[in-house]
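Inspection log for the structure reproduced underneath, given as structure tokens.
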Amino acid sequence: MFDPHQSAPFLLKVLTIVSEALKSQRFTIDYHYNKSLRNLQMMFSENHFLVMIGSRDELNSEERLWGWERGNGVSTITSDDVIHWLEQERKRLARDVHDGPAQALTNASMRLEIMKKLLENQQIEYCVNEIDRLQAILRTSINDVRRLIFDLRPSLLENGLRDAVYLYGERFSQAYGIQVLVHGEWEGIHFPHAVEVALFRVFQEILSNVYKHANAKVVRVNLSVDDSVSRLVVMDDGDGFESELNSVTSFGLRGMKERMSLVGGSLNVESRLGQGTLVIAEVPVS
Amino acid sequence: MSDRWNLGLTHYSRRNYYAARDLWELESKEVLHYRDACRVANGLAAAAQQIYGPTAARIHLERAYALSQRTEVDTSLRAKLLNNIGVMLCSLGHVKDGVQFCRAAFTMIDPNLPSESFYTLNGLLYTLNCADAYQEVWELRNEFEKLSEKVSNPQLTAQFSPYFYVNVSVAAERLGQYNEALGYAIMSCGGMKTSPNIVYVVELLLLQNRIEEAMEYISYIYHLCFDVTGYRELNVVARALEVLGRLADISGNQTLSKRAIEKAEMYFGQLGKWDDWLKMRDYQFGRTSYPIASEVLRVNDFYAFLDDLTLIDGMKLMFPDLFRMSQLATDLGIRVYQNLNVIEDDAVLRNMYMAGRLAYIGLNSVAVSESDAKDVLRSDVRSLEMTDYGLRLLESYPHTRSSRALVEGARSVKTLRENSCEMRLAAQCLGIAFQYVEKVELHHLSHDQAIQAMGTHNQYQPDGEVFTAFLANMTLDGVGKPT
């Protein structure tokens with residue numbers, strides 16, 4: 001159940017993210033807590049963009065929200081969505097920590113064991129070299145931890161979004177045997193940090209859906225830019241689906257749409273049974 | 001020797017090491033002759049080696065050695081004892097002493113006793129290789145054939161030949177005689193591509209740039225990687241990583257290669273195999289290039305294997321004793337499953353190996369020390385919580401999806417959601433095996449007490465056929481009567 005008093009830190013974070021995304025635009029925010037329905041409604045008046053935070057059942061029962069018909073630019077974020085996102089982020093973070101600093105520390109401990117054996121065998125010179133190597137490893141680990149704590153930035157994004165998409169596609173391809181063919185460039189485009197993370201996370205989520213649901217053999221990814229928009233297009237040759245509001249797949253897509261809209265972008269999905277799926281993520285060229 | 005000694009031997013041969021240990025501990029309190037006490041101490045050392053490792057075996061071997069000095073122990077037993085001590089000392093890093101004991105054992109033995117001769121010869125070669133005395137090993141390369149001429153039992157020869165030939169192969173490789181080394185490595189596999197010694201064959205093929213031939217063995221290397229035996233023999237794992245790392249490097253996948261070579265380096269260092277450690281430490285990437293397709297190299301299996309090792313290394317570091325227990329339980333669970341006469345599916349077995357290794361991974365989240373961790377496992381409630389944390393961690397690793405169900409089902413049969421009959425049985429086999437090992441190790445029950453407790457009040461509540469298969473494996477009468 002949504003309780004604003006307990007969720008204040010979360011709300012502050014949501015407002016901060018939205019504010020950052022829309023900071024170039026003029027807008028006013030109005031909010032209203034509906035005690036009987038126990039949901040929080042926020043409206044960005046300049047863009048007629050309505051955000052509601054509450055439980056899914058309660059939000060679904062609302063037909064008219066502040067005079068806005070459902071479907072007319074009304075976006076909803078349910079507490080279930082929030083929990084799902086948080087859980088997904090937690091898993092990614094757990095994996096990042098486990099593959100990064102945790103592994104490095106385990107390796108450091110194993111190297112110390114080796115150094116002990118080297119000393120027992122009077123191999124002093126080797127031991128000194130090992131100490132140097134261990135210091136280098138630990139320095140890298142410290143940087144990794146800092147990055148995780150302060151940035152939560154996917155390590156693949158260190159070299160930019162374009163390289164991250166290529167590398168992640170290659171890794172996905174190797175891991176799951178589904179060919180990922182990436183083409184195109186975002187020439188001369190520098191994405192703000194929030195946009196990079198959003199696009200990359202959406203890309204990861206799309207491939208995750210392909211793996212879990214699509215039964216596809218090939219995924220084609222195209223990066224392009226024109227005067228007004230940078231575009232990430234992902235097309236698979238899988239089973240496709242019929243879009244239903246409450247299906248698991250649409251649940252994931254709804255989250256992606258929200259993620260894109262928070263950075264001023266959009267996400268569109270076209271799919272038909274037996275004909276694969278096309279996902280287009282766009283952000284305005286800044 | 002008494003019936004109890006022989007019962008212990010039967011249990012030992014069936015890999016029921018706790019049962020053998022219990023019987024021989026009783027026997028050691030009642031033997032009258034020093035000769036028998038020496039034999040029993042040697043047996044206890046063997047059981048301790050299997051359960052706890054060489055440090056625990058040492059105590060019994062030292063006692064056995066002291067006993068052997070005080071009386072006329074037959075040469076055969078004394079030679080075996082010296083050989084065991086030599087090998088144990090080597091594995092603990094006391095290589096020079098180890099060689100001394102094994103050399104004494106080999107020279108003491110009557111060549112007309114073939115079994116003992118093979119045994120001590122292999123011990124000597126092993127310790128000589130540990131001591132980098134490769135020339136001496138090479139000069140002994142014809143000894144096995146000379147001994148074999150006196151043996152009419154081919155099974156006996158086949159039992160000892162892999163160890164002999166692999167040691168000669170290692171020595172030949174160190175002396176730069178790659179062709180000869182390859183020949184002996186192939187002989188050490190006994191015509192079986194599933195032999196752990198395959199890693200030596202592939203390594204030598206790669207050293208001679210015979211890459212096409214090396215690639216024919218890739219699937220067997222992976223089979224070894226996911227086999228629990230392979231992991232318990234860290235040397236085999238390290239070599240598997242080395243050859244896979246070399247192949248990845250040759251194919252141009254240096255990210256993967258670096259991960260594998262670094263791990264191989266650390267494992268060789270942990271084993272004190274300094275020549276191999278240096279080879280990995282100083283490995284130069286990118287010197288050879290050959291197109292190997294990702295699907296041929298099985299890159300997804302490679303990443304899965306490396307991820308497994310990362311998880312296992314962390315677990316082993318924090319809770320070495322519990323990791324050892326989980327390996328014993330996994331071995332037992334596999335044997336019980338095989339007793340069920342189901343059609344053996346490689347995928348199910350692989351999932352069992354993986355689930356067994358990772359069953360305690362959740363302890364990283366709920367315990368800060370091994371004693372703390374043991375308290376968690378003693379509590380039904382906390383052990384379920386531990387499993388939940390483990391499953392959450394494993395969710396970040398997609399390749400563990402199938403084995404996660406086994407991890408969960410092994411702790412609580414009520415949570416079994418798997419519809420496949422084989423997976424349900426597999427989970428229960430693991431569950432019952434873990435239950436047994438935990439009763440013996442954490443609740444300090446004897447083998448018989450543990451079996452009885454599981455029969456009278458089994459909270460895990462496995463299916464009847466699973467429990468029957470378990471009893472068939474663990475008891476000599478198949479119904480659970482005390483031995």
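Just remember, in the structure tokens the first chain shown is A, the second B, etc., residues are 1-based per chain, and ligands are 1-based in the order shown.
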
message: Would you mind listing, as a PyMOL selection string, all residues of chain B that have at least one atom within 9 Å of chain A, where only C-alpha atoms are what counts?
response: chain B and resi 93+263+266-272+274+294-295+298-304+307+310-311+313-314+317+392-393+395-397

Can I get the selection written as a compact mmCIF listing (two decimals), in the first residue's frame, with N, CA, C and O atoms?
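Writing the result to again_36.txt gives the following:
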```txt
# COMPACT_ATOMS: atom_id res chain seq x y z
N GLY B 93 53.10 -29.50 0.70
CA GLY B 93 54.21 -28.60 0.36
C GLY B 93 55.57 -29.04 0.84
O GLY B 93 56.57 -28.38 0.57
N LYS B 263 42.72 -17.08 -13.75
CA LYS B 263 42.22 -18.07 -12.78
C LYS B 263 43.13 -19.28 -12.73
O LYS B 263 43.42 -19.81 -11.66
N MET B 266 46.07 -18.56 -10.65
CA MET B 266 45.83 -18.57 -9.20
C MET B 266 45.68 -19.99 -8.67
O MET B 266 46.17 -20.31 -7.58
N TYR B 267 45.01 -20.82 -9.43
CA TYR B 267 44.84 -22.21 -8.96
C TYR B 267 46.18 -22.94 -8.92
O TYR B 267 46.46 -23.68 -7.97
N PHE B 268 47.01 -22.75 -9.94
CA PHE B 268 48.33 -23.40 -9.91
C PHE B 268 49.14 -22.89 -8.73
O PHE B 268 49.86 -23.64 -8.08
N GLY B 269 49.02 -21.59 -8.44
CA GLY B 269 49.74 -21.02 -7.30
C GLY B 269 49.26 -21.63 -6.00
O GLY B 269 50.04 -21.98 -5.13
N GLN B 270 47.93 -21.79 -5.88
CA GLN B 270 47.38 -22.41 -4.66
C GLN B 270 47.91 -23.83 -4.49
O GLN B 270 48.10 -24.29 -3.37
N LEU B 271 48.12 -24.52 -5.60
CA LEU B 271 48.60 -25.90 -5.54
C LEU B 271 50.12 -25.97 -5.38
O LEU B 271 50.66 -27.06 -5.22
N GLY B 272 50.79 -24.83 -5.47
CA GLY B 272 52.25 -24.84 -5.38
C GLY B 272 52.92 -25.40 -6.62
O GLY B 272 54.08 -25.82 -6.57
N TRP B 274 54.68 -24.40 -9.29
CA TRP B 274 55.29 -23.14 -9.66
C TRP B 274 55.63 -23.04 -11.14
O TRP B 274 55.57 -21.95 -11.72
N SER B 294 32.61 -18.91 -32.37
CA SER B 294 32.14 -18.82 -30.97
C SER B 294 31.40 -20.07 -30.56
O SER B 294 31.54 -20.55 -29.43
N GLU B 295 30.60 -20.61 -31.51
CA GLU B 295 29.81 -21.78 -31.11
C GLU B 295 30.70 -23.02 -30.96
O GLU B 295 30.40 -23.91 -30.19
N ARG B 298 32.21 -22.69 -27.74
CA ARG B 298 31.13 -22.75 -26.73
C ARG B 298 31.31 -21.64 -25.71
O ARG B 298 31.43 -21.88 -24.51
N VAL B 299 31.34 -20.44 -26.23
CA VAL B 299 31.64 -19.27 -25.41
C VAL B 299 30.64 -19.11 -24.27
O VAL B 299 31.02 -18.74 -23.14
N ASN B 300 29.36 -19.41 -24.51
CA ASN B 300 28.40 -19.26 -23.43
C ASN B 300 28.67 -20.25 -22.29
O ASN B 300 28.55 -19.92 -21.11
N ASP B 301 29.08 -21.46 -22.64
CA ASP B 301 29.46 -22.42 -21.60
C ASP B 301 30.73 -21.96 -20.88
O ASP B 301 30.88 -22.16 -19.66
N PHE B 302 31.61 -21.34 -21.62
CA PHE B 302 32.87 -20.84 -21.04
C PHE B 302 32.56 -19.78 -19.98
O PHE B 302 33.06 -19.84 -18.85
N TYR B 303 31.70 -18.81 -20.35
CA TYR B 303 31.34 -17.78 -19.39
C TYR B 303 30.63 -18.39 -18.18
O TYR B 303 30.85 -17.99 -17.04
N ALA B 304 29.75 -19.37 -18.45
CA ALA B 304 29.03 -20.01 -17.35
C ALA B 304 30.02 -20.69 -16.40
O ALA B 304 29.89 -20.59 -15.17
N ASP B 307 31.82 -18.05 -14.39
CA ASP B 307 30.93 -17.49 -13.37
C ASP B 307 30.77 -18.47 -12.21
O ASP B 307 30.76 -18.08 -11.04
N THR B 310 33.75 -18.28 -10.05
CA THR B 310 33.75 -17.06 -9.23
C THR B 310 32.89 -17.26 -7.99
O THR B 310 33.28 -16.92 -6.88
N LEU B 311 31.71 -17.84 -8.20
CA LEU B 311 30.81 -18.07 -7.07
C LEU B 311 31.43 -19.08 -6.09
O LEU B 311 31.40 -18.88 -4.88
N ASP B 313 34.63 -19.90 -5.70
CA ASP B 313 35.84 -19.39 -5.03
C ASP B 313 35.47 -18.55 -3.82
O ASP B 313 36.09 -18.67 -2.75
N GLY B 314 34.45 -17.71 -3.99
CA GLY B 314 34.03 -16.87 -2.87
C GLY B 314 33.52 -17.71 -1.71
O GLY B 314 33.84 -17.47 -0.54
N LEU B 317 36.35 -19.64 -0.02
CA LEU B 317 37.21 -18.76 0.76
C LEU B 317 36.61 -18.50 2.13
O LEU B 317 37.28 -18.54 3.15
N ARG B 392 18.34 -15.58 -4.54
CA ARG B 392 18.34 -14.18 -5.01
C ARG B 392 19.65 -13.84 -5.70
O ARG B 392 19.69 -13.17 -6.72
N LEU B 393 20.73 -14.30 -5.11
CA LEU B 393 22.03 -14.05 -5.74
C LEU B 393 22.11 -14.74 -7.09
O LEU B 393 22.54 -14.17 -8.09
N GLU B 395 19.84 -15.47 -9.13
CA GLU B 395 18.96 -14.88 -10.16
C GLU B 395 19.74 -13.96 -11.09
O GLU B 395 19.35 -13.73 -12.22
N SER B 396 20.84 -13.44 -10.58
CA SER B 396 21.66 -12.56 -11.43
C SER B 396 22.48 -13.35 -12.44
O SER B 396 23.15 -12.77 -13.29
N TYR B 397 22.45 -14.65 -12.35
CA TYR B 397 23.22 -15.51 -13.27
C TYR B 397 22.25 -16.39 -14.05
O TYR B 397 21.84 -17.46 -13.57
```

message: Please report the interatomic distance between CA of Val137 (chain B) and CA of Leu124 (chain B) in Å with one decimal.
response: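 That distance, rounded to one decimal, is 8.6 Å.
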
message: Using DSSP secondary structure from the backbone, list all alpha helix (DSSP H) positions within region 205-324 of chain B, as a PyMOL selection string.
response: chain B and resi 205-207+211-215+218-225+228-232+234-250+254-271+274-281+294-297+299-318+320-324

Which residues are close to Val218 (chain A), i.e. within 7 Å by only C-alpha atoms, leaving aside same-chain residues fewer than 6 positions away? Reply as an mmCIF file with N, CA, C and O atoms, in the first residue's frame.
```
data_model
loop_
_atom_site.group_PDB
_atom_site.id
_atom_site.type_symbol
_atom_site.label_atom_id
_atom_site.label_comp_id
_atom_site.auth_asym_id
_atom_site.auth_seq_id
_atom_site.Cartn_x
_atom_site.Cartn_y
_atom_site.Cartn_z
ATOM 1 N N ILE A 178 21.977 -16.094 -29.683
ATOM 2 C CA ILE A 178 21.048 -15.341 -30.547
ATOM 3 C C ILE A 178 21.884 -14.250 -31.199
ATOM 4 O O ILE A 178 22.473 -13.409 -30.521
ATOM 5 N N GLN A 179 21.901 -14.273 -32.525
ATOM 6 C CA GLN A 179 22.762 -13.317 -33.230
ATOM 7 C C GLN A 179 22.252 -11.894 -33.023
ATOM 8 O O GLN A 179 21.061 -11.622 -33.231
ATOM 9 N N VAL A 180 23.126 -10.994 -32.643
ATOM 10 C CA VAL A 180 22.758 -9.587 -32.497
ATOM 11 C C VAL A 180 23.619 -8.788 -33.471
ATOM 12 O O VAL A 180 24.836 -8.741 -33.339
ATOM 13 N N ASP A 236 13.495 -8.095 -33.945
ATOM 14 C CA ASP A 236 13.838 -9.519 -33.861
ATOM 15 C C ASP A 236 12.952 -10.340 -34.795
ATOM 16 O O ASP A 236 11.891 -9.882 -35.218
ATOM 17 N N ASP A 237 13.400 -11.540 -35.095
ATOM 18 C CA ASP A 237 12.653 -12.430 -35.999
ATOM 19 C C ASP A 237 11.931 -13.519 -35.216
ATOM 20 O O ASP A 237 11.774 -14.643 -35.688
#
```

message: Can you tell me which residues surround Glu27 (chain B) at a distance of at most 9 Å, considering only C-alpha atoms, apart from same-chain residues fewer than 6 positions away, and format the answer as a ChimeraX atom specification?
response: /B:2,4-5,37,40

task: Skip Arg259 (chain A) itself and residues of its chain fewer than 3 positions away, then list as an MDAnalysis selection string all residues within 9 Å of it, counting only C-alpha atoms.
output: chainID A and resid 198:199 201:202 254:256 262:263 265:267

Could you turn the residues from that selection into a file that holds all heavy atoms, as a compact mmCIF listing (two decimals), in the first residue's frame?
```txt
# COMPACT_ATOMS: atom_id res chain seq x y z
N ALA A 198 19.44 5.55 -19.52
CA ALA A 198 18.08 5.13 -19.87
C ALA A 198 18.09 4.30 -21.15
O ALA A 198 17.49 3.22 -21.21
CB ALA A 198 17.18 6.35 -20.03
N LEU A 199 18.75 4.79 -22.18
CA LEU A 199 18.78 4.07 -23.46
C LEU A 199 19.45 2.70 -23.29
O LEU A 199 18.99 1.69 -23.83
CB LEU A 199 19.55 4.88 -24.51
CG LEU A 199 18.72 5.92 -25.26
CD1 LEU A 199 19.63 6.80 -26.11
CD2 LEU A 199 17.67 5.26 -26.15
N ARG A 201 19.74 0.90 -20.54
CA ARG A 201 18.90 -0.02 -19.75
C ARG A 201 17.73 -0.53 -20.58
O ARG A 201 17.33 -1.69 -20.49
CB ARG A 201 18.35 0.71 -18.50
CG ARG A 201 19.40 1.06 -17.47
CD ARG A 201 20.03 -0.16 -16.87
NE ARG A 201 20.92 0.17 -15.77
CZ ARG A 201 22.06 -0.45 -15.54
NH1 ARG A 201 22.45 -1.44 -16.31
NH2 ARG A 201 22.79 -0.09 -14.52
N VAL A 202 17.18 0.34 -21.41
CA VAL A 202 16.09 -0.08 -22.30
C VAL A 202 16.60 -1.14 -23.28
O VAL A 202 15.94 -2.16 -23.53
CB VAL A 202 15.50 1.14 -23.04
CG1 VAL A 202 14.72 0.72 -24.26
CG2 VAL A 202 14.62 1.95 -22.09
N ARG A 254 5.91 -1.35 -20.51
CA ARG A 254 5.40 -0.15 -19.84
C ARG A 254 6.53 0.51 -19.05
O ARG A 254 6.70 1.72 -19.04
CB ARG A 254 4.24 -0.52 -18.94
CG ARG A 254 3.40 0.70 -18.54
CD ARG A 254 2.01 0.31 -18.10
NE ARG A 254 2.04 -0.55 -16.94
CZ ARG A 254 1.25 -1.61 -16.81
NH1 ARG A 254 0.41 -1.96 -17.75
NH2 ARG A 254 1.33 -2.36 -15.72
N GLY A 255 7.32 -0.34 -18.38
CA GLY A 255 8.44 0.20 -17.62
C GLY A 255 9.43 0.90 -18.52
O GLY A 255 9.95 1.97 -18.18
N MET A 256 9.67 0.32 -19.68
CA MET A 256 10.61 0.93 -20.62
C MET A 256 10.06 2.26 -21.13
O MET A 256 10.81 3.23 -21.28
CB MET A 256 10.86 -0.02 -21.80
CG MET A 256 11.78 -1.16 -21.44
SD MET A 256 12.36 -2.03 -22.90
CE MET A 256 11.02 -3.18 -23.15
N LEU A 262 10.79 9.62 -19.00
CA LEU A 262 11.43 10.40 -17.94
C LEU A 262 12.64 11.18 -18.46
O LEU A 262 13.05 12.16 -17.83
CB LEU A 262 11.90 9.46 -16.82
CG LEU A 262 10.80 9.04 -15.83
CD1 LEU A 262 11.34 7.97 -14.89
CD2 LEU A 262 10.29 10.21 -15.04
N VAL A 263 13.21 10.76 -19.55
CA VAL A 263 14.34 11.52 -20.13
C VAL A 263 13.91 12.28 -21.38
O VAL A 263 14.73 12.64 -22.22
CB VAL A 263 15.56 10.59 -20.42
CG1 VAL A 263 16.12 10.03 -19.14
CG2 VAL A 263 15.22 9.49 -21.40
N GLY A 265 12.13 11.19 -23.87
CA GLY A 265 12.09 10.40 -25.10
C GLY A 265 10.80 9.61 -25.20
O GLY A 265 9.84 9.85 -24.46
N SER A 266 10.80 8.65 -26.11
CA SER A 266 9.60 7.83 -26.29
C SER A 266 10.01 6.42 -26.70
O SER A 266 11.15 6.20 -27.15
CB SER A 266 8.70 8.42 -27.36
OG SER A 266 9.36 8.35 -28.62
N LEU A 267 9.06 5.51 -26.54
CA LEU A 267 9.32 4.13 -26.94
C LEU A 267 8.06 3.60 -27.62
O LEU A 267 6.97 3.73 -27.07
CB LEU A 267 9.67 3.28 -25.72
CG LEU A 267 10.12 1.87 -26.08
CD1 LEU A 267 11.55 1.64 -25.59
CD2 LEU A 267 9.21 0.82 -25.48
```

- request: Identify, on the basis of only C-alpha atoms, every residue whose closest approach to region 228-234 of chain A does not exceed 9 Å; exclude the query and any residue fewer than 5 positions from it along the same chain; express the result as an MDAnalysis selection string.
  value: chainID A and resid 186 189 199 203 206:207 219:223 277:286

Any chance you could export the current selection's N, CA, C and O atoms as a PDB file, in the first residue's frame?
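Everything below was put into out.pdb:
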```
ATOM      1  N   TRP A 186      25.842   7.018 -34.067  1.00  0.00           N
ATOM      2  CA  TRP A 186      25.253   8.268 -33.597  1.00  0.00           C
ATOM      3  C   TRP A 186      26.328   9.338 -33.737  1.00  0.00           C
ATOM      4  O   TRP A 186      26.942   9.773 -32.754  1.00  0.00           O
ATOM      5  N   ILE A 189      26.969  12.846 -31.699  1.00  0.00           N
ATOM      6  CA  ILE A 189      25.951  12.989 -30.650  1.00  0.00           C
ATOM      7  C   ILE A 189      26.566  12.686 -29.293  1.00  0.00           C
ATOM      8  O   ILE A 189      27.198  11.646 -29.118  1.00  0.00           O
ATOM      9  N   LEU A 199      18.751   4.790 -22.177  1.00  0.00           N
ATOM     10  CA  LEU A 199      18.783   4.066 -23.462  1.00  0.00           C
ATOM     11  C   LEU A 199      19.450   2.702 -23.289  1.00  0.00           C
ATOM     12  O   LEU A 199      18.986   1.690 -23.825  1.00  0.00           O
ATOM     13  N   PHE A 203      17.770  -0.918 -23.812  1.00  0.00           N
ATOM     14  CA  PHE A 203      18.374  -1.882 -24.739  1.00  0.00           C
ATOM     15  C   PHE A 203      18.560  -3.232 -24.055  1.00  0.00           C
ATOM     16  O   PHE A 203      18.236  -4.293 -24.603  1.00  0.00           O
ATOM     17  N   ILE A 206      15.198  -4.894 -23.625  1.00  0.00           N
ATOM     18  CA  ILE A 206      14.677  -5.434 -24.896  1.00  0.00           C
ATOM     19  C   ILE A 206      15.330  -6.777 -25.186  1.00  0.00           C
ATOM     20  O   ILE A 206      14.655  -7.761 -25.520  1.00  0.00           O
ATOM     21  N   LEU A 207      16.643  -6.837 -25.052  1.00  0.00           N
ATOM     22  CA  LEU A 207      17.336  -8.104 -25.332  1.00  0.00           C
ATOM     23  C   LEU A 207      16.915  -9.175 -24.316  1.00  0.00           C
ATOM     24  O   LEU A 207      16.778 -10.348 -24.655  1.00  0.00           O
ATOM     25  N   VAL A 219      18.642 -10.743 -34.011  1.00  0.00           N
ATOM     26  CA  VAL A 219      18.161  -9.428 -33.590  1.00  0.00           C
ATOM     27  C   VAL A 219      18.966  -8.382 -34.356  1.00  0.00           C
ATOM     28  O   VAL A 219      20.194  -8.429 -34.351  1.00  0.00           O
ATOM     29  N   ARG A 220      18.258  -7.490 -35.015  1.00  0.00           N
ATOM     30  CA  ARG A 220      18.961  -6.422 -35.746  1.00  0.00           C
ATOM     31  C   ARG A 220      18.783  -5.112 -34.988  1.00  0.00           C
ATOM     32  O   ARG A 220      17.668  -4.750 -34.612  1.00  0.00           O
ATOM     33  N   VAL A 221      19.884  -4.438 -34.789  1.00  0.00           N
ATOM     34  CA  VAL A 221      19.869  -3.177 -34.038  1.00  0.00           C
ATOM     35  C   VAL A 221      20.392  -2.089 -34.951  1.00  0.00           C
ATOM     36  O   VAL A 221      21.430  -2.251 -35.595  1.00  0.00           O
ATOM     37  N   ASN A 222      19.668  -0.991 -35.010  1.00  0.00           N
ATOM     38  CA  ASN A 222      20.115   0.114 -35.849  1.00  0.00           C
ATOM     39  C   ASN A 222      20.188   1.400 -35.025  1.00  0.00           C
ATOM     40  O   ASN A 222      19.252   1.749 -34.301  1.00  0.00           O
ATOM     41  N   LEU A 223      21.300   2.074 -35.141  1.00  0.00           N
ATOM     42  CA  LEU A 223      21.475   3.359 -34.465  1.00  0.00           C
ATOM     43  C   LEU A 223      21.436   4.444 -35.539  1.00  0.00           C
ATOM     44  O   LEU A 223      22.150   4.343 -36.534  1.00  0.00           O
ATOM     45  N   THR A 277       9.133  -8.657 -33.575  1.00  0.00           N
ATOM     46  CA  THR A 277       8.813  -7.447 -32.816  1.00  0.00           C
ATOM     47  C   THR A 277       9.781  -6.344 -33.203  1.00  0.00           C
ATOM     48  O   THR A 277      10.972  -6.587 -33.414  1.00  0.00           O
ATOM     49  N   LEU A 278       9.231  -5.144 -33.282  1.00  0.00           N
ATOM     50  CA  LEU A 278      10.051  -3.972 -33.593  1.00  0.00           C
ATOM     51  C   LEU A 278       9.896  -2.989 -32.438  1.00  0.00           C
ATOM     52  O   LEU A 278       8.771  -2.647 -32.057  1.00  0.00           O
ATOM     53  N   VAL A 279      11.018  -2.564 -31.886  1.00  0.00           N
ATOM     54  CA  VAL A 279      10.989  -1.580 -30.792  1.00  0.00           C
ATOM     55  C   VAL A 279      11.804  -0.364 -31.224  1.00  0.00           C
ATOM     56  O   VAL A 279      12.939  -0.514 -31.680  1.00  0.00           O
ATOM     57  N   ILE A 280      11.205   0.804 -31.090  1.00  0.00           N
ATOM     58  CA  ILE A 280      11.908   2.044 -31.482  1.00  0.00           C
ATOM     59  C   ILE A 280      11.979   2.954 -30.264  1.00  0.00           C
ATOM     60  O   ILE A 280      10.939   3.367 -29.724  1.00  0.00           O
ATOM     61  N   ALA A 281      13.195   3.243 -29.830  1.00  0.00           N
ATOM     62  CA  ALA A 281      13.389   4.190 -28.724  1.00  0.00           C
ATOM     63  C   ALA A 281      13.982   5.466 -29.315  1.00  0.00           C
ATOM     64  O   ALA A 281      14.961   5.412 -30.055  1.00  0.00           O
ATOM     65  N   GLU A 282      13.361   6.591 -28.980  1.00  0.00           N
ATOM     66  CA  GLU A 282      13.835   7.866 -29.547  1.00  0.00           C
ATOM     67  C   GLU A 282      14.067   8.872 -28.429  1.00  0.00           C
ATOM     68  O   GLU A 282      13.303   8.916 -27.457  1.00  0.00           O
ATOM     69  N   VAL A 283      15.083   9.685 -28.620  1.00  0.00           N
ATOM     70  CA  VAL A 283      15.276  10.833 -27.729  1.00  0.00           C
ATOM     71  C   VAL A 283      15.552  12.056 -28.591  1.00  0.00           C
ATOM     72  O   VAL A 283      16.196  11.937 -29.644  1.00  0.00           O
ATOM     73  N   PRO A 284      15.096  13.214 -28.155  1.00  0.00           N
ATOM     74  CA  PRO A 284      15.357  14.405 -28.956  1.00  0.00           C
ATOM     75  C   PRO A 284      16.853  14.670 -28.990  1.00  0.00           C
ATOM     76  O   PRO A 284      17.573  14.431 -28.015  1.00  0.00           O
ATOM     77  N   VAL A 285      17.320  15.183 -30.120  1.00  0.00           N
ATOM     78  CA  VAL A 285      18.733  15.559 -30.218  1.00  0.00           C
ATOM     79  C   VAL A 285      18.929  16.812 -29.395  1.00  0.00           C
ATOM     80  O   VAL A 285      18.227  17.800 -29.579  1.00  0.00           O
ATOM     81  N   SER A 286      19.879  16.754 -28.453  1.00  0.00           N
ATOM     82  CA  SER A 286      20.047  17.926 -27.588  1.00  0.00           C
ATOM     83  C   SER A 286      21.044  18.880 -28.226  1.00  0.00           C
ATOM     84  O   SER A 286      21.893  18.483 -29.007  1.00  0.00           O
TER      85      SER A 286
END
```
